[in-house]
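A.B. asks: Coordinates in coords_3.txt, compact mmCIF, C-alpha atoms, are listed below.
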# COMPACT_ATOMS: atom_id res chain seq x y z
CA MET A 1 90.51 103.07 144.63
CA SER A 2 87.74 103.60 142.05
CA ASP A 3 87.10 101.11 139.26
CA GLY A 4 88.69 103.57 136.80
CA GLY A 5 91.70 103.98 139.05
CA SER A 6 92.15 100.24 139.52
CA ARG A 7 91.95 99.67 135.76
CA THR A 8 94.55 102.37 135.20
CA GLN A 9 96.86 100.79 137.76
CA GLU A 10 96.37 97.38 136.16
CA PHE A 11 97.09 98.88 132.73
CA LEU A 12 100.30 100.55 133.92
CA GLU A 13 101.54 97.43 135.71
CA GLU A 14 100.80 95.13 132.79
CA VAL A 15 101.99 97.26 129.86
CA PHE A 16 105.15 98.61 131.53
CA GLU A 17 106.11 95.41 133.33
CA PRO A 18 109.01 94.87 130.83
CA LEU A 19 110.69 98.02 132.24
CA HIS A 20 112.96 96.32 134.76
CA ARG A 21 113.57 99.21 137.16
CA ALA A 22 110.94 100.87 139.36
CA GLU A 23 112.45 104.24 138.39
CA GLN A 24 111.76 103.54 134.71
CA ARG A 25 108.15 102.62 135.45
CA ARG A 26 107.64 105.80 137.47
CA TRP A 27 108.96 107.94 134.63
CA ALA A 28 106.81 106.02 132.14
CA ARG A 29 103.77 106.97 134.20
CA ALA A 30 104.91 110.60 134.34
CA TYR A 31 105.47 110.74 130.57
CA LEU A 32 102.06 109.16 129.96
CA GLN A 33 100.56 111.74 132.30
CA GLY A 34 102.19 114.56 130.33
CA LEU A 35 101.02 113.24 126.96
CA ILE A 36 97.44 113.05 128.17
CA HIS A 37 97.17 116.33 130.07
CA ALA A 38 99.66 118.81 128.59
CA SER A 39 98.39 121.32 126.05
CA GLY A 40 100.45 122.49 123.10
CA ARG A 41 103.53 120.56 121.97
CA LYS A 42 104.12 117.32 123.90
CA THR A 43 107.87 117.80 124.39
CA PRO A 44 109.49 117.16 127.80
CA ARG A 45 109.72 120.92 128.37
CA GLY A 46 106.12 121.47 127.28
CA MET A 47 104.81 118.64 129.45
CA ALA A 48 106.73 119.92 132.47
CA ARG A 49 104.86 123.23 132.21
CA THR A 50 101.61 121.60 133.32
CA GLU A 51 100.45 122.14 136.88
CA LEU A 52 100.94 118.42 137.51
CA MET A 53 104.74 118.59 137.35
CA PRO A 54 107.48 120.85 138.65
CA PRO A 55 109.60 122.40 135.84
CA ALA A 56 112.62 120.36 136.93
CA THR A 57 110.93 117.18 135.64
CA ALA A 58 111.64 118.25 132.03
CA HIS A 59 115.17 116.87 132.34
CA GLY A 60 113.93 113.59 133.74
CA LEU A 61 111.35 113.16 130.99
CA HIS A 62 114.01 113.92 128.38
CA GLN A 63 116.39 111.37 129.89
CA PHE A 64 113.69 108.69 130.06
CA ILE A 65 112.95 109.03 126.34
CA ASN A 66 116.38 109.82 124.88
CA ALA A 67 118.94 108.20 127.18
CA SER A 68 117.31 105.44 129.21
CA PRO A 69 118.13 102.15 127.40
CA TRP A 70 114.77 100.35 127.68
CA ASP A 71 113.52 98.02 124.96
CA TRP A 72 110.32 99.29 123.33
CA GLU A 73 109.33 96.04 121.59
CA PRO A 74 108.22 94.14 124.75
CA VAL A 75 106.16 97.15 125.83
CA ARG A 76 104.42 97.24 122.45
CA ARG A 77 103.70 93.51 122.62
CA ARG A 78 102.09 94.02 126.04
CA LEU A 79 100.10 96.93 124.65
CA ALA A 80 98.77 94.84 121.75
CA LEU A 81 97.81 92.02 124.09
CA TRP A 82 96.04 94.50 126.37
CA VAL A 83 93.98 95.86 123.45
CA ALA A 84 93.14 92.34 122.26
CA ALA A 85 92.04 91.27 125.74
CA ASN A 86 89.87 94.33 126.37
CA THR A 87 88.15 94.70 122.98
CA THR A 88 86.72 92.60 120.16
CA PRO A 89 89.38 92.82 117.41
CA ARG A 90 88.20 92.88 113.81
CA ALA A 91 91.30 93.53 111.70
CA TRP A 92 94.94 94.50 111.58
CA VAL A 93 95.40 97.77 109.70
CA VAL A 94 98.56 99.56 108.56
CA ALA A 95 98.72 103.34 108.08
CA GLU A 96 101.42 105.84 107.19
CA LEU A 97 102.24 108.87 109.32
CA THR A 98 104.08 111.87 107.85
CA ILE A 99 105.94 114.03 110.39
CA PRO A 100 107.08 117.39 108.93
CA LYS A 101 110.55 118.52 110.01
CA ARG A 102 112.47 121.75 109.44
CA GLY A 103 116.07 120.60 109.85
CA VAL A 104 118.12 117.71 108.51
CA HIS A 105 119.38 116.17 111.76
CA SER A 106 116.29 114.32 113.04
CA VAL A 107 116.61 110.57 112.55
CA GLY A 108 115.18 109.39 109.23
CA VAL A 109 114.38 112.87 107.92
CA HIS A 110 114.36 113.11 104.12
CA ARG A 111 112.67 114.81 101.17
CA ARG A 112 109.46 113.08 100.16
CA LEU A 113 106.68 113.74 97.67
CA ASN A 114 103.42 114.63 99.40
CA ALA A 115 100.72 112.84 97.39
CA ALA A 116 98.01 115.22 98.64
CA THR A 117 99.75 118.43 97.48
CA GLY A 118 102.11 117.15 94.79
CA ARG A 119 105.02 118.94 96.49
CA PHE A 120 108.19 117.65 98.12
CA ILE A 121 108.40 118.15 101.87
CA ASN A 122 111.07 117.62 104.52
CA CYS A 123 109.76 114.97 106.89
CA GLN A 124 110.01 111.70 108.75
CA GLN A 125 107.86 108.87 107.43
CA ALA A 126 106.47 106.21 109.77
CA VAL A 127 104.47 103.02 109.25
CA GLY A 128 102.04 102.29 112.07
CA LEU A 129 100.36 99.00 112.98
CA PHE A 130 96.82 99.30 114.36
CA LEU A 131 94.39 96.78 115.83
CA SER A 132 90.90 97.69 114.65
CA THR A 133 87.77 97.06 116.73
CA ASP A 134 84.12 98.04 116.34
CA ALA A 135 84.75 101.45 117.92
CA HIS A 136 88.41 102.43 117.36
CA CYS A 137 91.73 101.63 115.75
CA PHE A 138 94.45 101.26 118.40
CA PRO A 139 98.15 101.89 117.57
CA VAL A 140 100.37 99.03 118.74
CA GLY A 141 103.52 99.17 116.57
CA TRP A 142 105.72 101.54 114.55
CA SER A 143 108.48 101.49 111.96
CA LEU A 144 110.58 104.48 110.87
CA VAL A 145 111.25 104.64 107.13
CA LEU A 146 114.82 105.37 106.03
CA ASP A 147 115.98 106.43 102.59
CA ASP A 148 119.23 105.63 100.74
CA ALA A 149 120.96 108.74 102.08
CA TRP A 150 120.81 107.31 105.60
CA ASP A 151 122.40 104.08 104.38
CA ARG A 152 125.35 105.95 102.88
CA ASP A 153 126.09 108.36 105.74
CA ARG A 154 127.76 106.25 108.43
CA GLN A 155 128.51 109.22 110.66
CA ARG A 156 124.90 110.35 110.69
CA ARG A 157 123.78 106.80 111.49
CA ARG A 158 126.13 106.63 114.49
CA ARG A 159 124.94 109.95 115.83
CA ALA A 160 121.31 108.84 115.53
CA ARG A 161 122.12 105.40 117.01
CA ILE A 162 120.48 103.51 114.14
CA PRO A 163 120.95 99.71 114.38
CA GLU A 164 122.87 98.04 111.57
CA ALA A 165 119.82 96.02 110.54
CA GLU A 166 117.79 99.17 109.83
CA THR A 167 118.27 100.07 106.16
CA ALA A 168 116.32 101.65 103.31
CA ARG A 169 113.76 99.26 101.87
CA PRO A 170 110.37 99.28 100.12
CA MET A 171 107.18 100.02 102.07
CA SER A 172 105.96 96.43 101.63
CA SER A 173 108.93 95.22 103.68
CA TYR A 174 107.84 97.28 106.69
CA ILE A 175 104.31 95.88 106.44
CA PHE A 176 105.61 92.33 106.21
CA ASP A 177 107.82 92.89 109.28
CA HIS A 178 104.74 93.91 111.26
CA ALA A 179 102.89 90.81 110.03
CA ALA A 180 105.80 88.54 110.93
CA ALA A 181 105.90 90.03 114.45
CA VAL A 182 102.16 89.36 114.89
CA ALA A 183 102.54 85.81 113.55
CA ALA A 184 105.28 85.15 116.11
CA GLN A 185 102.86 85.95 118.97
CA PRO A 186 100.27 83.13 119.23
CA ARG A 187 98.22 85.08 121.79
CA LEU A 188 97.51 87.89 119.33
CA PRO A 189 94.27 87.59 117.28
CA ARG A 190 94.35 85.99 113.82
CA VAL A 191 92.01 88.54 112.27
CA PRO A 192 92.25 89.69 108.63
CA TRP A 193 94.68 92.35 107.43
CA VAL A 194 93.10 95.38 105.76
CA LEU A 195 95.68 97.14 103.59
CA ASP A 196 96.01 99.79 100.91
CA LEU A 197 98.31 98.31 98.26
CA ALA A 198 97.10 100.44 95.34
CA ARG A 199 100.50 102.16 95.09
CA CYS A 200 102.59 99.29 96.45
CA GLU A 201 105.43 98.32 94.11
CA ASP A 202 105.25 94.63 95.09
CA ALA A 203 101.66 93.96 96.16
CA GLY A 204 101.86 90.39 94.86
CA GLY A 205 104.97 89.62 96.86
CA LEU A 206 103.51 91.07 100.04
CA LEU A 207 100.25 89.13 99.65
CA ALA A 208 102.24 85.95 99.07
CA GLY A 209 104.18 86.59 102.26
CA LEU A 210 100.97 87.10 104.24
CA ALA A 211 99.59 83.88 102.76
CA ARG A 212 102.63 82.00 104.05
CA HIS A 213 101.69 83.17 107.54
CA ARG A 214 98.09 82.00 106.95
CA PHE A 215 96.72 85.53 107.26
CA ASP A 216 93.49 86.49 105.53
CA VAL A 217 93.52 89.81 103.71
CA VAL A 218 91.20 92.50 102.37
CA CYS A 219 93.45 94.75 100.26
CA GLU A 220 92.89 97.56 97.83
CA VAL A 221 94.98 97.08 94.69
CA GLY A 222 95.47 99.08 91.54
CA PRO A 223 93.58 98.28 88.31
CA ALA A 224 96.88 97.09 86.80
CA GLN A 225 97.40 94.42 89.49
CA PRO A 226 98.33 91.18 87.63
CA VAL A 227 95.95 88.26 88.26
CA LEU A 228 95.31 84.75 86.92
CA ALA A 229 91.64 83.78 86.42
CA GLY A 230 90.26 80.25 86.65
CA HIS A 231 91.75 76.94 87.77
CA HIS A 232 93.92 76.33 84.72
CA ALA A 233 94.68 79.86 83.57
CA SER A 234 98.13 80.33 82.12
CA SER A 235 97.93 83.91 80.85
CA VAL A 236 98.15 86.95 83.08
CA THR A 237 95.57 89.71 82.92
CA THR A 238 94.87 92.66 85.22
CA ALA A 239 92.24 93.25 87.88
CA GLY A 240 90.65 96.10 85.95
CA ARG A 241 90.53 94.25 82.63
CA LEU A 242 89.16 91.05 84.16
CA LEU A 243 86.28 92.76 85.94
CA GLU A 244 85.51 94.78 82.83
CA MET A 245 85.08 91.55 80.85
CA ARG A 246 83.70 89.04 83.36
CA ARG A 247 82.05 90.73 86.31
CA THR A 248 78.81 89.45 87.83
CA ARG A 249 75.65 90.44 85.96
CA ARG A 250 74.07 92.31 88.84
CA PRO A 251 76.10 94.48 91.18
CA TYR A 252 75.79 94.17 94.92
CA THR A 253 75.00 97.38 96.73
CA ALA A 254 76.30 98.62 100.02
CA GLU A 255 75.56 101.62 102.21
CA ARG A 256 78.70 103.68 102.77
CA GLN A 257 78.91 106.94 104.69
CA ALA A 258 81.72 109.48 104.46
CA ALA A 259 82.41 111.84 107.34
CA GLY A 260 79.84 114.64 107.48
CA SER A 261 77.64 113.24 104.71
CA LEU A 262 74.55 111.11 104.31
CA PRO A 263 74.81 107.37 103.54
CA ARG A 264 75.19 106.57 99.85
CA THR A 265 74.41 103.40 97.94
CA VAL A 266 77.61 102.20 96.29
CA PRO A 267 77.56 99.48 93.61
CA ILE A 268 80.02 96.65 94.21
CA ARG A 269 80.74 94.16 91.44
CA ALA A 270 82.51 90.86 91.96
CA TYR A 271 84.30 88.54 89.58
CA ALA A 272 82.21 85.36 89.44
CA GLY A 273 85.13 83.04 90.17
CA THR A 274 88.37 83.27 92.09
CA VAL A 275 91.74 84.55 90.98
CA ARG A 276 95.34 83.77 91.80
CA LEU A 277 98.39 85.96 91.66
CA PRO A 278 101.25 85.08 89.29
CA ARG A 279 103.41 82.52 91.09
CA HIS A 280 107.19 82.71 91.30
CA ASP A 281 109.38 79.63 91.67
CA THR A 282 110.47 80.79 95.11
CA ASP A 283 106.92 81.33 96.31
CA ARG A 284 104.85 78.25 95.53
CA GLU A 285 102.83 78.32 98.73
CA GLY A 286 101.92 81.99 98.48
CA GLY A 287 101.14 81.69 94.77
CA SER A 288 98.54 78.94 95.35
CA GLN A 289 96.29 81.23 97.42
CA ARG A 290 92.95 82.05 95.80
CA TYR A 291 91.30 85.44 96.08
CA ARG A 292 87.99 87.08 95.38
CA LEU A 293 88.12 90.21 93.22
CA LEU A 294 85.75 93.13 93.90
CA GLU A 295 85.14 96.43 92.15
CA LEU A 296 83.67 99.56 93.74
CA ARG A 297 82.28 102.13 91.33
CA ASP A 298 81.56 105.75 92.13
CA PRO A 299 77.75 106.18 91.87
CA ASP A 300 78.28 109.62 90.31
CA GLY A 301 80.93 108.40 87.90
CA ARG A 302 83.30 111.21 88.93
CA GLN A 303 86.00 108.98 90.40
CA PRO A 304 87.67 105.94 88.83
CA ALA A 305 86.67 102.48 89.97
CA ARG A 306 88.56 100.97 92.93
CA TYR A 307 89.57 97.32 93.20
CA TRP A 308 89.85 95.03 96.21
CA ILE A 309 91.28 91.55 96.52
CA THR A 310 90.43 89.28 99.44
CA SER A 311 91.21 85.77 100.60
CA LEU A 312 87.80 85.65 102.37
CA THR A 313 86.21 83.78 99.47
CA ASP A 314 83.65 82.04 101.70
CA ARG A 315 82.14 85.26 103.10
CA CYS A 316 79.45 87.41 101.58
CA VAL A 317 80.45 90.61 99.84
CA GLU A 318 78.74 92.79 102.45
CA GLU A 319 80.65 91.15 105.31
CA THR A 320 83.94 91.49 103.48
CA MET A 321 83.40 95.13 102.58
CA ALA A 322 82.39 95.94 106.17
CA LEU A 323 86.05 95.39 107.07
CA VAL A 324 86.97 98.20 104.70
CA CYS A 325 85.52 100.62 107.28
CA SER A 326 88.73 99.98 109.24
CA ARG A 327 90.51 102.13 106.66
CA ALA A 328 88.41 105.17 107.58
CA ALA A 329 88.79 104.41 111.30
CA VAL A 330 92.57 104.28 111.06
CA ARG A 331 92.67 107.68 109.34
CA THR A 332 90.70 109.09 112.26
CA ALA A 333 93.11 107.48 114.71
CA VAL A 334 96.15 108.94 112.93
CA THR A 335 94.59 112.40 113.05
CA THR A 336 93.92 112.03 116.78
CA LEU A 337 97.49 110.88 117.42
CA ARG A 338 98.78 113.95 115.58
CA GLU A 339 96.49 116.51 117.19
CA GLN A 340 95.98 115.24 120.75
CA PHE A 341 98.76 112.83 121.75
CA GLY A 342 101.95 114.38 120.38
CA ALA A 343 102.80 111.99 117.53
CA LEU A 344 104.49 114.90 115.70
CA ASP A 345 106.26 116.37 118.72
CA PHE A 346 109.38 114.26 119.31
CA ALA A 347 112.17 116.82 119.63
CA GLY A 348 115.12 114.45 119.93
CA ARG A 349 117.30 113.14 117.11
CA SER A 350 117.96 109.48 117.95
CA PHE A 351 116.39 106.29 116.64
CA PRO A 352 115.77 104.81 120.14
CA GLY A 353 114.34 108.12 121.35
CA TRP A 354 111.85 108.27 118.48
CA HIS A 355 110.68 104.70 119.15
CA HIS A 356 110.41 105.39 122.89
CA HIS A 357 108.27 108.47 122.24
CA MET A 358 105.97 106.70 119.76
CA THR A 359 105.54 103.78 122.16
CA MET A 360 104.43 106.18 124.89
CA VAL A 361 102.13 108.04 122.45
CA SER A 362 100.48 104.72 121.59
CA ALA A 363 100.08 103.79 125.26
CA ALA A 364 98.47 107.17 126.01
CA TYR A 365 96.00 106.73 123.14
CA VAL A 366 95.08 103.19 124.22
CA HIS A 367 94.65 104.18 127.86
CA GLN A 368 92.38 107.13 127.11
CA HIS A 369 90.20 105.36 124.56
CA LEU A 370 89.80 102.19 126.60
CA HIS A 371 89.64 103.55 130.13
CA GLY A 372 89.76 107.34 130.14
CA ALA A 373 90.62 107.40 133.86
CA ALA A 374 92.35 110.76 133.61
CA ARG A 375 91.89 111.63 137.27
CA SER A 376 93.87 108.64 138.55
CA LEU A 377 96.78 109.58 136.29
CA ALA A 378 96.55 113.23 137.22
CA MET A 379 96.76 112.48 140.92
CA SER A 380 99.88 110.36 140.64
CA PRO A 381 103.13 112.02 141.84
CA VAL A 382 106.03 112.37 139.44
CA PRO A 383 109.62 111.40 140.33
CA HIS A 384 111.76 114.15 141.77
CA ALA A 385 115.09 112.95 140.38
CA ALA A 386 116.03 112.51 136.75
CA PRO A 387 116.94 108.95 135.74
CA THR A 388 120.60 108.50 134.90
CA ARG A 389 121.62 106.39 131.94
CA ALA A 390 122.78 103.60 134.25
CA ALA A 391 119.76 103.67 136.51
CA GLY A 392 117.29 104.20 133.64
For this file, produce the structure as structure tokens.
C.D. replies:
Amino acid sequence: MSDGGSRTQEFLEEVFEPLHRAEQRRWARAYLQGLIHASGRKTPRGMARTELMPPATAHGLHQFINASPWDWEPVRRRLALWVAANTTPRAWVVAELTIPKRGVHSVGVHRRLNAATGRFINCQQAVGLFLSTDAHCFPVGWSLVLDDAWDRDRQRRRRARIPEAETARPMSSYIFDHAAAVAAQPRLPRVPWVLDLARCEDAGGLLAGLARHRFDVVCEVGPAQPVLAGHHASSVTTAGRLLEMRRTRRPYTAERQAAGSLPRTVPIRAYAGTVRLPRHDTDREGGSQRYRLLELRDPDGRQPARYWITSLTDRCVEETMALVCSRAAVRTAVTTLREQFGALDFAGRSFPGWHHHMTMVSAAYVHQHLHGAARSLAMSPVPHAAPTRAAG
């Protein structure tokens, strides 16, 4: 077996080891094969149209995703460990994924304001966890956002097989759940979290929660983010107002390059001291964390200033802002997941089915970007019998 083939085999055995039955592991390989090689929509029927599979495998692929009762969380943990072991991790990054839907029966579907267009759309909303490296951002975890309507409709919840613990909650709660899951795995890297909290309703609470887990952060916040300046400050001001009054005399400069454009020199100003977030009685540990406050100004003056808060107070500004590149990398990864790996193509309606599909989408992305041994996957035979619910 070639080096690429042996790495693929090792990847499959390691990541899908939590699937207890050999039949499940064979169908996992077949589904991965379909996600990588099928053109068009990556549904079971669409994947079964490839020359690699007989049409009858569509039923088996559907059963593996929608009916087979395997636990996706252990597979995702294995996937994250595989990425960490085969790359040099730089940061944990969280990104949102909007999945347009036509009907009202898909799990989690609801009306949501599209910030880019200003219009309401019918969609599913997901929160993805990515491990960022020098070259790529790798998806390793997912949450499906529910709204209040799904809490109220018990019949719809039963049909979609939504667990009782899954309820409507703010976006910061989903991010904190991902952070808690990483903190519970000592073998996962303790790299900083790079987050966009500019529109987060409770950025202070989320940052306090991350501080309790001893995570460093580099987070974009809004200009109205409340902060406390100095060691003995008792009055609350805002990030924008503080940097307007007491920024460093000379701005730092950094080279930043947008896609398809030349590098630009961007001025970065820093508050000379450190800041704290307003502390609540129930959050003494999180409220004692000190942060550095940075301001990025548009060189052309056409866009408003952007503000970043970081717990990396002992690092230079350039090193801290280099982590911000993970934000651009994760947007590229989300686009690739949508266009090449079928992140938008789950045709089922159940909560477990959606998580199964997104786990396989993530595994396909990781495999191709780390190993790219397409031939070894293409040559593997697919099962001839569909997995039953009991056997799957």
A.B. asks: Once 6 Å is added on each side, what centre and edge lengths in Å to one decimal does the axis-aligned box around all listed atoms of stretch 26-32 of chain A have, as JSON?
C.D. replies:
{"center_x": 105.5, "center_y": 108.3, "center_z": 133.7, "size_x": 18.9, "size_y": 16.9, "size_z": 19.5}
A.B. asks: Under the rule that all atoms listed in the file are counted, which of A:His178, A:Gln303, A:Leu61, A:Met47 is the nearest residue to A:Arg26?
C.D. replies: A:Leu61
A.B. asks: Just the number, please: distance in Å from atom CA of A:Cys200 to atom CA of A:Val330, one decimal.
C.D. replies: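 Taking atom CA of A:Cys200 and atom CA of A:Val330, their separation equals 18.4 Å.
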A.B. asks: Smallest atom-to-atom distance to A:Trp72: which of A:Gly141, A:Gly205, A:Gly34, A:Pro54, using all atoms listed in the file?
C.D. replies: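 Residue with the minimum atom-to-atom distance to A:Trp72: A:Gly141.
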A.B. asks: List every protein, DNA or RNA residue with an atom no more than 12 Å from (97.5, 118.5, 127.0) in the file's coordinates, counting all atoms listed in the file, and format the result as a list in words.
C.D. replies: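 Every polymer residue passing the test: Tyr31, Leu32, Gln33, Gly34, Leu35, Ile36, His37, Ala38, Ser39, Gly40, Arg41, Lys42, Thr43, Gly46, Met47, Ala48, Arg49, Thr50, Glu51, Leu52, Glu339, Gln340, Phe341, Gly342, Ala364, Ala374 and Ala378 of chain A.
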A.B. asks: Go through A:Pro170, A:Pro186, A:Pro163, A:Pro267 one by one, measure the shortest atom-to-atom distance of each to A:Phe351 using all atoms listed in the file, and give the residue with the smallest value.
C.D. replies: A:Pro163
